[in-house]
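Student: Structure provided below as structure tokens; questions to follow.
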Amino acid sequence: MTLENQTCVVTGASRGIGRAIAEDLGAEGANVVVNYRSSEAEAHDVVDAIEDLGGSAVAIQADVSDMDAVREMRDRTERAFGGADVLVNNAGLTVDKKFEHMTREDWDTVMEVNLGGVFNCTNAFFDDIKAADHGRLINISSVVGQQGNYGQANYATTKSGLFGFTRTIALELASSGSTANCVAPGFVETDMLETVPERVKEKILRRIPLDRFATVEDVSGIVRFVASEESSYMTGQILAVNGGMEW
Ligand code: NAP
């Protein structure tokens, strides 16, 4: 149990990578906030799964792009478990289109959640993370932020943006002993990857030396390490978890 009595907030934890992260942190003894936007039943399943492992968890609905909702989530977190020690900014979405067909609305929708949501949550939980003994900010980026990807100009921009954000926050947190890092997964088997056409997936697979897509556990295990005390001397880093893809 490496995270006993730590309060960990995982955004977008009702499905996919976020769910695996929430369950892994819960299994390490953390008190977990399972944030979701609309998948209420799934979020409660995640809470049940954590409680079955002997952990504590609460599901909190909040659209991360809505600052008032995020502030309310922070207050509810404190009431449930005390201030947050770990914030995992995982919630994200895609609106894929070739750039020539991409509208300003498609651009803004992705910015609002993937970067706006990161601003809102980091802003709301910043003082908690700074005050924590081993405060951790963990931002989930993507190999797409490193390489770019056809049809994802909006998404790739948000995921690259997290690099500059993380490195800057790492500097600003350093005097408190808390850290900020990015985990940049490759292509992971979740609902998000399901939206990619089969022929594109085959093309992507040919670029992955380990010759398979990532499982959610491939990513959650790295996040668990970054959340733990063992990673205390690592900050401002990008951890690529992508099966050996170059960037
Ligand atoms: P996913 O299966 O589509 O799940 C997305 C999660 O984010 C859901 O829990 C969803 O909640 C939540 N969410 C979306 N918009 C939200 C909002 N405005 N407020 C709060 N929660 C919101 O996605 P995933 O594949 O697990 O991806 C998770 C993260 O990993 C994302 O940041 C993604 O960019 C990144 N990533 C994914 C891959 C991949 O190949 N899958 C690769 C690299 C990085 P609801 O269910 O309630 O809508």
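Chain labels follow the order of the structure tokens: the first chain is A, the next B, and so on; residue numbering restarts at 1 in every chain, and ligands are counted from 1 in their shown order.
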Around ligand 1, which protein and nucleic acid residues have at least one atom no more than 7 Å from it, if we count only C-alpha atoms and all ligand atoms? List them as a PyMOL selection string.

Tutor: chain A and resi 11-18+35-40+62-65+90-93+113-114+117+140-143+184-193

Student: Would you save the residues from that selection as a short mmCIF file (atom, residue, chain, number, x, y, z; two decimals), in the first residue's frame, using N, CA, C and O atoms?

Tutor:
```cif
data_model
loop_
_atom_site.label_atom_id
_atom_site.label_comp_id
_atom_site.auth_asym_id
_atom_site.auth_seq_id
_atom_site.Cartn_x
_atom_site.Cartn_y
_atom_site.Cartn_z
N THR A 11 -9.69 12.85 -13.04
CA THR A 11 -10.76 13.37 -13.90
C THR A 11 -11.01 12.37 -15.03
O THR A 11 -10.10 11.66 -15.47
N GLY A 12 -12.27 12.31 -15.47
CA GLY A 12 -12.62 11.37 -16.54
C GLY A 12 -12.34 9.94 -16.15
O GLY A 12 -11.73 9.18 -16.90
N ALA A 13 -12.82 9.56 -14.96
CA ALA A 13 -12.46 8.23 -14.41
C ALA A 13 -13.59 7.21 -14.59
O ALA A 13 -13.50 6.11 -14.05
N SER A 14 -14.61 7.54 -15.34
CA SER A 14 -15.73 6.60 -15.50
C SER A 14 -15.42 5.50 -16.51
O SER A 14 -16.07 4.46 -16.52
N ARG A 15 -14.45 5.77 -17.40
CA ARG A 15 -14.17 4.80 -18.47
C ARG A 15 -12.68 4.81 -18.79
O ARG A 15 -11.94 5.69 -18.35
N GLY A 16 -12.27 3.84 -19.59
CA GLY A 16 -10.96 3.85 -20.23
C GLY A 16 -9.78 3.99 -19.29
O GLY A 16 -9.70 3.35 -18.23
N ILE A 17 -8.83 4.83 -19.69
CA ILE A 17 -7.57 4.99 -18.95
C ILE A 17 -7.85 5.53 -17.54
O ILE A 17 -7.27 5.06 -16.56
N GLY A 18 -8.75 6.50 -17.43
CA GLY A 18 -9.06 7.11 -16.14
C GLY A 18 -9.60 6.10 -15.16
O GLY A 18 -9.24 6.10 -13.97
N ASN A 35 -14.09 11.27 -10.95
CA ASN A 35 -14.82 12.34 -11.65
C ASN A 35 -15.37 11.81 -12.98
O ASN A 35 -14.74 10.98 -13.64
N TYR A 36 -16.54 12.28 -13.35
CA TYR A 36 -17.12 11.94 -14.64
C TYR A 36 -17.95 13.11 -15.13
O TYR A 36 -18.29 14.01 -14.35
N ARG A 37 -18.28 13.07 -16.42
CA ARG A 37 -19.15 14.12 -16.97
C ARG A 37 -20.58 13.62 -17.11
O ARG A 37 -21.49 14.19 -16.56
N SER A 38 -20.76 12.46 -17.82
CA SER A 38 -22.14 11.99 -18.04
C SER A 38 -22.34 10.51 -17.71
O SER A 38 -23.49 10.08 -17.57
N SER A 39 -21.26 9.73 -17.59
CA SER A 39 -21.42 8.28 -17.39
C SER A 39 -21.57 7.96 -15.90
O SER A 39 -20.68 7.37 -15.26
N GLU A 40 -22.75 8.28 -15.36
CA GLU A 40 -22.97 8.16 -13.92
C GLU A 40 -22.90 6.70 -13.44
O GLU A 40 -22.21 6.39 -12.46
N ALA A 62 -18.74 16.39 -12.67
CA ALA A 62 -18.34 17.77 -12.98
C ALA A 62 -17.78 17.79 -14.39
O ALA A 62 -16.94 16.96 -14.73
N ASP A 63 -18.28 18.69 -15.20
CA ASP A 63 -17.67 18.92 -16.51
C ASP A 63 -16.42 19.75 -16.26
O ASP A 63 -16.52 20.88 -15.76
N VAL A 64 -15.26 19.21 -16.60
CA VAL A 64 -14.02 19.91 -16.23
C VAL A 64 -13.88 21.26 -16.94
O VAL A 64 -13.09 22.10 -16.51
N SER A 65 -14.64 21.46 -18.00
CA SER A 65 -14.54 22.75 -18.69
C SER A 65 -15.37 23.84 -18.00
O SER A 65 -15.36 24.99 -18.43
N ASN A 90 -6.91 13.69 -16.48
CA ASN A 90 -7.04 12.64 -17.51
C ASN A 90 -8.17 12.92 -18.49
O ASN A 90 -8.11 12.50 -19.64
N ALA A 91 -9.23 13.62 -18.07
CA ALA A 91 -10.40 13.81 -18.93
C ALA A 91 -9.97 14.43 -20.27
O ALA A 91 -9.20 15.38 -20.30
N GLY A 92 -10.47 13.86 -21.34
CA GLY A 92 -10.10 14.41 -22.65
C GLY A 92 -11.04 13.89 -23.71
O GLY A 92 -11.73 12.88 -23.51
N LEU A 93 -11.09 14.59 -24.82
CA LEU A 93 -11.92 14.13 -25.95
C LEU A 93 -11.27 14.51 -27.27
O LEU A 93 -10.30 15.28 -27.32
N VAL A 113 -12.04 21.45 -23.20
CA VAL A 113 -11.94 20.30 -22.28
C VAL A 113 -10.47 19.93 -22.04
O VAL A 113 -10.02 19.83 -20.89
N ASN A 114 -9.70 19.75 -23.11
CA ASN A 114 -8.35 19.18 -22.95
C ASN A 114 -7.35 20.17 -22.35
O ASN A 114 -6.39 19.75 -21.70
N GLY A 117 -10.00 22.40 -19.23
CA GLY A 117 -10.28 21.53 -18.09
C GLY A 117 -9.04 21.37 -17.22
O GLY A 117 -9.12 21.32 -15.99
N ILE A 140 -2.26 13.80 -18.34
CA ILE A 140 -2.24 12.74 -19.36
C ILE A 140 -2.22 13.39 -20.74
O ILE A 140 -3.21 13.97 -21.20
N SER A 141 -1.06 13.30 -21.36
CA SER A 141 -0.88 13.85 -22.71
C SER A 141 -1.05 12.71 -23.71
O SER A 141 -1.89 11.83 -23.52
N SER A 142 -0.23 12.71 -24.77
CA SER A 142 -0.35 11.67 -25.80
C SER A 142 0.86 11.72 -26.72
O SER A 142 1.45 12.78 -26.92
N VAL A 143 1.18 10.58 -27.31
CA VAL A 143 2.21 10.54 -28.36
C VAL A 143 1.83 11.49 -29.50
O VAL A 143 2.68 12.01 -30.20
N ALA A 184 2.61 10.37 -21.35
CA ALA A 184 2.19 10.48 -22.76
C ALA A 184 2.01 9.08 -23.35
O ALA A 184 2.96 8.48 -23.86
N PRO A 185 0.78 8.55 -23.27
CA PRO A 185 0.55 7.21 -23.82
C PRO A 185 0.61 7.22 -25.34
O PRO A 185 0.36 8.24 -25.99
N GLY A 186 0.91 6.03 -25.88
CA GLY A 186 0.73 5.82 -27.32
C GLY A 186 -0.75 5.56 -27.57
O GLY A 186 -1.61 6.21 -26.97
N PHE A 187 -1.07 4.60 -28.41
CA PHE A 187 -2.47 4.32 -28.74
C PHE A 187 -2.98 3.21 -27.82
O PHE A 187 -2.41 2.12 -27.78
N VAL A 188 -4.05 3.53 -27.10
CA VAL A 188 -4.53 2.66 -26.03
C VAL A 188 -5.92 2.12 -26.37
O VAL A 188 -6.76 2.87 -26.88
N GLU A 189 -6.15 0.86 -26.06
CA GLU A 189 -7.44 0.24 -26.39
C GLU A 189 -8.54 0.74 -25.47
O GLU A 189 -8.78 0.20 -24.40
N THR A 190 -9.21 1.81 -25.90
CA THR A 190 -10.35 2.37 -25.16
C THR A 190 -11.41 2.81 -26.18
O THR A 190 -11.19 2.71 -27.39
N ASP A 191 -12.51 3.36 -25.67
CA ASP A 191 -13.56 3.88 -26.56
C ASP A 191 -12.99 4.90 -27.54
O ASP A 191 -13.44 5.01 -28.68
N MET A 192 -11.98 5.68 -27.08
CA MET A 192 -11.41 6.72 -27.93
C MET A 192 -10.77 6.12 -29.18
O MET A 192 -10.94 6.60 -30.29
N LEU A 193 -10.05 4.99 -28.99
CA LEU A 193 -9.40 4.33 -30.13
C LEU A 193 -10.44 3.69 -31.04
O LEU A 193 -10.22 3.55 -32.25
#
```

Student: I need the alpha helix (DSSP H) residues of range 7-233 of chain A per DSSP on the backbone, written as a PyMOL selection string.

Tutor: chain A and resi 16-27+40-52+67-81+104-114+116-131+143-147+153-173+191-194+198-205+216-227

Student: Using only C-alpha atoms, I'd like a table of the residues in range 63-129 of chain A that come within 10 Å of range 24-34 of chain A; for each, show the closest atom pair and its distance in Å rounded to one decimal, ordered by chain and ascending number, as JSON lines.

Tutor:
```
{"residue": "A:Met73", "atom": "CA", "partner": "A:Val33", "partner_atom": "CA", "distance": 9.0}
{"residue": "A:Arg74", "atom": "CA", "partner": "A:Val33", "partner_atom": "CA", "distance": 9.8}
{"residue": "A:Arg76", "atom": "CA", "partner": "A:Val33", "partner_atom": "CA", "distance": 9.5}
{"residue": "A:Thr77", "atom": "CA", "partner": "A:Val33", "partner_atom": "CA", "distance": 7.0}
{"residue": "A:Ala80", "atom": "CA", "partner": "A:Val33", "partner_atom": "CA", "distance": 9.0}
{"residue": "A:Phe81", "atom": "CA", "partner": "A:Asn31", "partner_atom": "CA", "distance": 6.8}
{"residue": "A:Gly82", "atom": "CA", "partner": "A:Asn31", "partner_atom": "CA", "distance": 9.6}
{"residue": "A:Ala84", "atom": "CA", "partner": "A:Val33", "partner_atom": "CA", "distance": 9.2}
{"residue": "A:Asp85", "atom": "CA", "partner": "A:Ala30", "partner_atom": "CA", "distance": 9.7}
{"residue": "A:Val86", "atom": "CA", "partner": "A:Val32", "partner_atom": "CA", "distance": 9.5}
{"residue": "A:Leu87", "atom": "CA", "partner": "A:Val33", "partner_atom": "CA", "distance": 9.5}
```

Student: Atoms to include: all heavy atoms. Write the selected residues as a PDB file, in the first residue's frame.

Tutor:
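And here's selection-v3.pdb as it stands now:
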```
ATOM      1  N   MET A  73     -16.461  20.574  -7.102  1.00  0.00           N
ATOM      2  CA  MET A  73     -15.826  19.249  -6.946  1.00  0.00           C
ATOM      3  C   MET A  73     -14.702  19.336  -5.909  1.00  0.00           C
ATOM      4  O   MET A  73     -14.534  18.438  -5.078  1.00  0.00           O
ATOM      5  CB  MET A  73     -15.282  18.761  -8.297  1.00  0.00           C
ATOM      6  CG  MET A  73     -14.441  17.501  -8.205  1.00  0.00           C
ATOM      7  SD  MET A  73     -14.211  16.672  -9.774  1.00  0.00           S
ATOM      8  CE  MET A  73     -13.109  17.803 -10.627  1.00  0.00           C
ATOM      9  N   ARG A  74     -13.943  20.413  -5.946  1.00  0.00           N
ATOM     10  CA  ARG A  74     -12.841  20.579  -4.984  1.00  0.00           C
ATOM     11  C   ARG A  74     -13.392  20.646  -3.555  1.00  0.00           C
ATOM     12  O   ARG A  74     -12.864  20.020  -2.632  1.00  0.00           O
ATOM     13  CB  ARG A  74     -12.052  21.842  -5.343  1.00  0.00           C
ATOM     14  CG  ARG A  74     -10.779  22.001  -4.578  1.00  0.00           C
ATOM     15  CD  ARG A  74     -10.951  22.985  -3.448  1.00  0.00           C
ATOM     16  NE  ARG A  74      -9.970  22.717  -2.395  1.00  0.00           N
ATOM     17  CZ  ARG A  74     -10.178  23.006  -1.132  1.00  0.00           C
ATOM     18  NH1 ARG A  74     -11.311  23.543  -0.737  1.00  0.00           N
ATOM     19  NH2 ARG A  74      -9.263  22.745  -0.234  1.00  0.00           N
ATOM     20  N   ARG A  76     -16.260  19.443  -2.487  1.00  0.00           N
ATOM     21  CA  ARG A  76     -16.810  18.127  -2.104  1.00  0.00           C
ATOM     22  C   ARG A  76     -15.685  17.141  -1.779  1.00  0.00           C
ATOM     23  O   ARG A  76     -15.818  16.290  -0.910  1.00  0.00           O
ATOM     24  CB  ARG A  76     -17.698  17.578  -3.225  1.00  0.00           C
ATOM     25  CG  ARG A  76     -19.047  18.307  -3.303  1.00  0.00           C
ATOM     26  CD  ARG A  76     -19.928  17.719  -4.365  1.00  0.00           C
ATOM     27  NE  ARG A  76     -20.263  16.325  -4.133  1.00  0.00           N
ATOM     28  CZ  ARG A  76     -20.841  15.545  -5.038  1.00  0.00           C
ATOM     29  NH1 ARG A  76     -21.145  16.017  -6.237  1.00  0.00           N
ATOM     30  NH2 ARG A  76     -21.118  14.288  -4.755  1.00  0.00           N
ATOM     31  N   THR A  77     -14.572  17.280  -2.500  1.00  0.00           N
ATOM     32  CA  THR A  77     -13.408  16.413  -2.223  1.00  0.00           C
ATOM     33  C   THR A  77     -12.924  16.652  -0.806  1.00  0.00           C
ATOM     34  O   THR A  77     -12.675  15.713  -0.035  1.00  0.00           O
ATOM     35  CB  THR A  77     -12.269  16.716  -3.227  1.00  0.00           C
ATOM     36  OG1 THR A  77     -12.732  16.461  -4.542  1.00  0.00           O
ATOM     37  CG2 THR A  77     -11.027  15.879  -2.940  1.00  0.00           C
ATOM     38  N   ALA A  80     -15.192  15.158   1.730  1.00  0.00           N
ATOM     39  CA  ALA A  80     -15.156  13.690   1.773  1.00  0.00           C
ATOM     40  C   ALA A  80     -13.861  13.167   2.370  1.00  0.00           C
ATOM     41  O   ALA A  80     -13.868  12.251   3.210  1.00  0.00           O
ATOM     42  CB  ALA A  80     -15.347  13.126   0.359  1.00  0.00           C
ATOM     43  N   PHE A  81     -12.721  13.738   1.908  1.00  0.00           N
ATOM     44  CA  PHE A  81     -11.429  13.110   2.251  1.00  0.00           C
ATOM     45  C   PHE A  81     -10.359  14.087   2.727  1.00  0.00           C
ATOM     46  O   PHE A  81      -9.214  13.678   2.950  1.00  0.00           O
ATOM     47  CB  PHE A  81     -10.852  12.407   1.007  1.00  0.00           C
ATOM     48  CG  PHE A  81     -11.705  11.303   0.444  1.00  0.00           C
ATOM     49  CD1 PHE A  81     -12.033  11.269  -0.906  1.00  0.00           C
ATOM     50  CD2 PHE A  81     -12.156  10.273   1.260  1.00  0.00           C
ATOM     51  CE1 PHE A  81     -12.794  10.241  -1.437  1.00  0.00           C
ATOM     52  CE2 PHE A  81     -12.921   9.242   0.740  1.00  0.00           C
ATOM     53  CZ  PHE A  81     -13.243   9.227  -0.610  1.00  0.00           C
ATOM     54  N   GLY A  82     -10.658  15.370   2.799  1.00  0.00           N
ATOM     55  CA  GLY A  82      -9.597  16.360   3.062  1.00  0.00           C
ATOM     56  C   GLY A  82      -8.996  16.815   1.735  1.00  0.00           C
ATOM     57  O   GLY A  82      -9.385  16.343   0.664  1.00  0.00           O
ATOM     58  N   ALA A  84      -6.731  17.509  -1.583  1.00  0.00           N
ATOM     59  CA  ALA A  84      -6.158  16.543  -2.537  1.00  0.00           C
ATOM     60  C   ALA A  84      -4.635  16.521  -2.435  1.00  0.00           C
ATOM     61  O   ALA A  84      -3.993  17.557  -2.283  1.00  0.00           O
ATOM     62  CB  ALA A  84      -6.569  16.907  -3.958  1.00  0.00           C
ATOM     63  N   ASP A  85      -4.068  15.316  -2.517  1.00  0.00           N
ATOM     64  CA  ASP A  85      -2.609  15.157  -2.612  1.00  0.00           C
ATOM     65  C   ASP A  85      -2.190  14.980  -4.064  1.00  0.00           C
ATOM     66  O   ASP A  85      -1.101  15.387  -4.454  1.00  0.00           O
ATOM     67  CB  ASP A  85      -2.166  13.907  -1.821  1.00  0.00           C
ATOM     68  CG  ASP A  85      -2.516  14.017  -0.346  1.00  0.00           C
ATOM     69  OD1 ASP A  85      -1.770  14.668   0.383  1.00  0.00           O
ATOM     70  OD2 ASP A  85      -3.578  13.490   0.060  1.00  0.00           O
ATOM     71  N   VAL A  86      -3.052  14.300  -4.826  1.00  0.00           N
ATOM     72  CA  VAL A  86      -2.714  13.947  -6.215  1.00  0.00           C
ATOM     73  C   VAL A  86      -3.875  14.352  -7.118  1.00  0.00           C
ATOM     74  O   VAL A  86      -5.031  14.018  -6.838  1.00  0.00           O
ATOM     75  CB  VAL A  86      -2.498  12.410  -6.344  1.00  0.00           C
ATOM     76  CG1 VAL A  86      -2.203  12.032  -7.798  1.00  0.00           C
ATOM     77  CG2 VAL A  86      -1.386  11.936  -5.419  1.00  0.00           C
ATOM     78  N   LEU A  87      -3.548  15.068  -8.194  1.00  0.00           N
ATOM     79  CA  LEU A  87      -4.556  15.364  -9.222  1.00  0.00           C
ATOM     80  C   LEU A  87      -4.076  14.743 -10.529  1.00  0.00           C
ATOM     81  O   LEU A  87      -2.973  15.052 -10.991  1.00  0.00           O
ATOM     82  CB  LEU A  87      -4.713  16.880  -9.405  1.00  0.00           C
ATOM     83  CG  LEU A  87      -5.534  17.312 -10.634  1.00  0.00           C
ATOM     84  CD1 LEU A  87      -6.996  16.838 -10.528  1.00  0.00           C
ATOM     85  CD2 LEU A  87      -5.493  18.838 -10.806  1.00  0.00           C
TER      86      LEU A  87
END
```

Student: Could you tell me how far CA of Glu230 in chain A sits from CA of Leu171 in chain A, in Å to one decimal place?

Tutor: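 Computing it gives 19.4 Å between the two atoms.
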
Student: Would you mind telling me which residue in A:Glu246, A:Glu78, A:Asp127, A:Glu100 lies nearest to Gly148 in chain A when using only C-alpha atoms?

Tutor: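 Residue with the minimum atom-to-atom distance to Gly148 in chain A: A:Glu246.
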
Student: Which is closest to Ala180 in chain A among A:Leu137, A:Ala41, A:Leu115, A:Leu205, if we use only C-alpha atoms?

Tutor: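 Among A:Leu137, A:Ala41, A:Leu115, A:Leu205, it is A:Leu137 that comes nearest to Ala180 in chain A.
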
Student: Taking the DSSP secondary structure from the backbone, can you list the residues of chain A that are strand (DSSP E), as number ranges by chain?

Tutor: A: 7-10, 31-36, 56-61, 86-89, 136-140, 179-185, 238-241

Student: Limited to C-alpha atoms, could you put the picked residues into a file as a compact mmCIF listing (two decimals), in the first residue's frame?

Tutor:
```txt
# COMPACT_ATOMS: atom_id res chain seq x y z
CA THR A 7 -6.47 11.77 -1.60
CA CYS A 8 -6.30 11.27 -5.36
CA VAL A 9 -8.59 13.05 -7.82
CA VAL A 10 -8.85 11.44 -11.25
CA ASN A 31 -9.04 7.75 -1.20
CA VAL A 32 -10.16 8.28 -4.78
CA VAL A 33 -12.41 10.90 -6.35
CA VAL A 34 -13.90 9.36 -9.49
CA ASN A 35 -14.82 12.34 -11.65
CA TYR A 36 -17.12 11.94 -14.64
CA SER A 56 -12.51 4.38 -0.38
CA ALA A 57 -13.94 6.30 -3.30
CA VAL A 58 -16.61 8.80 -4.21
CA ALA A 59 -18.06 9.62 -7.63
CA ILE A 60 -18.34 13.34 -8.39
CA GLN A 61 -20.01 14.68 -11.51
CA VAL A 86 -2.71 13.95 -6.21
CA LEU A 87 -4.56 15.36 -9.22
CA VAL A 88 -4.60 13.32 -12.41
CA ASN A 89 -5.80 15.48 -15.30
CA ARG A 136 1.53 15.31 -7.41
CA LEU A 137 0.12 16.86 -10.57
CA ILE A 138 -0.06 14.26 -13.34
CA ASN A 139 -1.22 15.35 -16.79
CA ILE A 140 -2.24 12.74 -19.36
CA THR A 179 5.95 17.60 -8.50
CA ALA A 180 4.29 17.89 -11.90
CA ASN A 181 4.79 15.35 -14.67
CA CYS A 182 3.21 14.28 -17.93
CA VAL A 183 2.41 10.74 -18.97
CA ALA A 184 2.19 10.48 -22.76
CA PRO A 185 0.55 7.21 -23.82
CA ILE A 238 7.31 13.50 -20.05
CA LEU A 239 6.99 9.74 -19.58
CA ALA A 240 6.33 8.16 -22.96
CA VAL A 241 4.36 4.90 -22.73
```

Student: Counting only C-alpha atoms, which residue out of A:Val47, A:Ala20, A:Leu162, A:Ala174 sits closest to Gln146 in chain A?

Tutor: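 For Gln146 in chain A, the nearest of the candidates is A:Leu162.
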
Student: Measure the distance from CA of Glu72 in chain A to CA of Val118 in chain A in Å and round it to one decimal.

Tutor: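 Those two atoms sit 15.5 Å apart.
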
Student: I'd like a table as a Markdown table: residues in range 85-157 of chain A with an atom no more than 12 Å from range 197-202 of chain A, each row giving the shortest atom pair and its distance in Å to one decimal, only C-alpha atoms counted, sorted by chain and rising residue number.

Tutor:
```
| residue | atom | partner | partner_atom | distance |
| --- | --- | --- | --- | --- |
| A:Asp96 | CA | A:Pro197 | CA | 11.4 |
| A:Asn149 | CA | A:Val200 | CA | 11.0 |
| A:Tyr150 | CA | A:Val200 | CA | 9.9 |
| A:Gly151 | CA | A:Val200 | CA | 11.1 |
```

Student: Between A:Asp68, A:Asp75, A:Glu112, A:Asp106, which is the closest to Asp128 in chain A once you count only C-alpha atoms?

Tutor: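 Between A:Asp68, A:Asp75, A:Glu112, A:Asp106, the residue approaching Asp128 in chain A most closely is A:Asp75.
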
Student: Report, in Å to a single decimal, how far apart CA of Asn123 in chain A and CA of Ser220 in chain A are.

Tutor: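 Going from CA of Ser220 in chain A over to CA of Asn123 in chain A, I get 23.7 Å.
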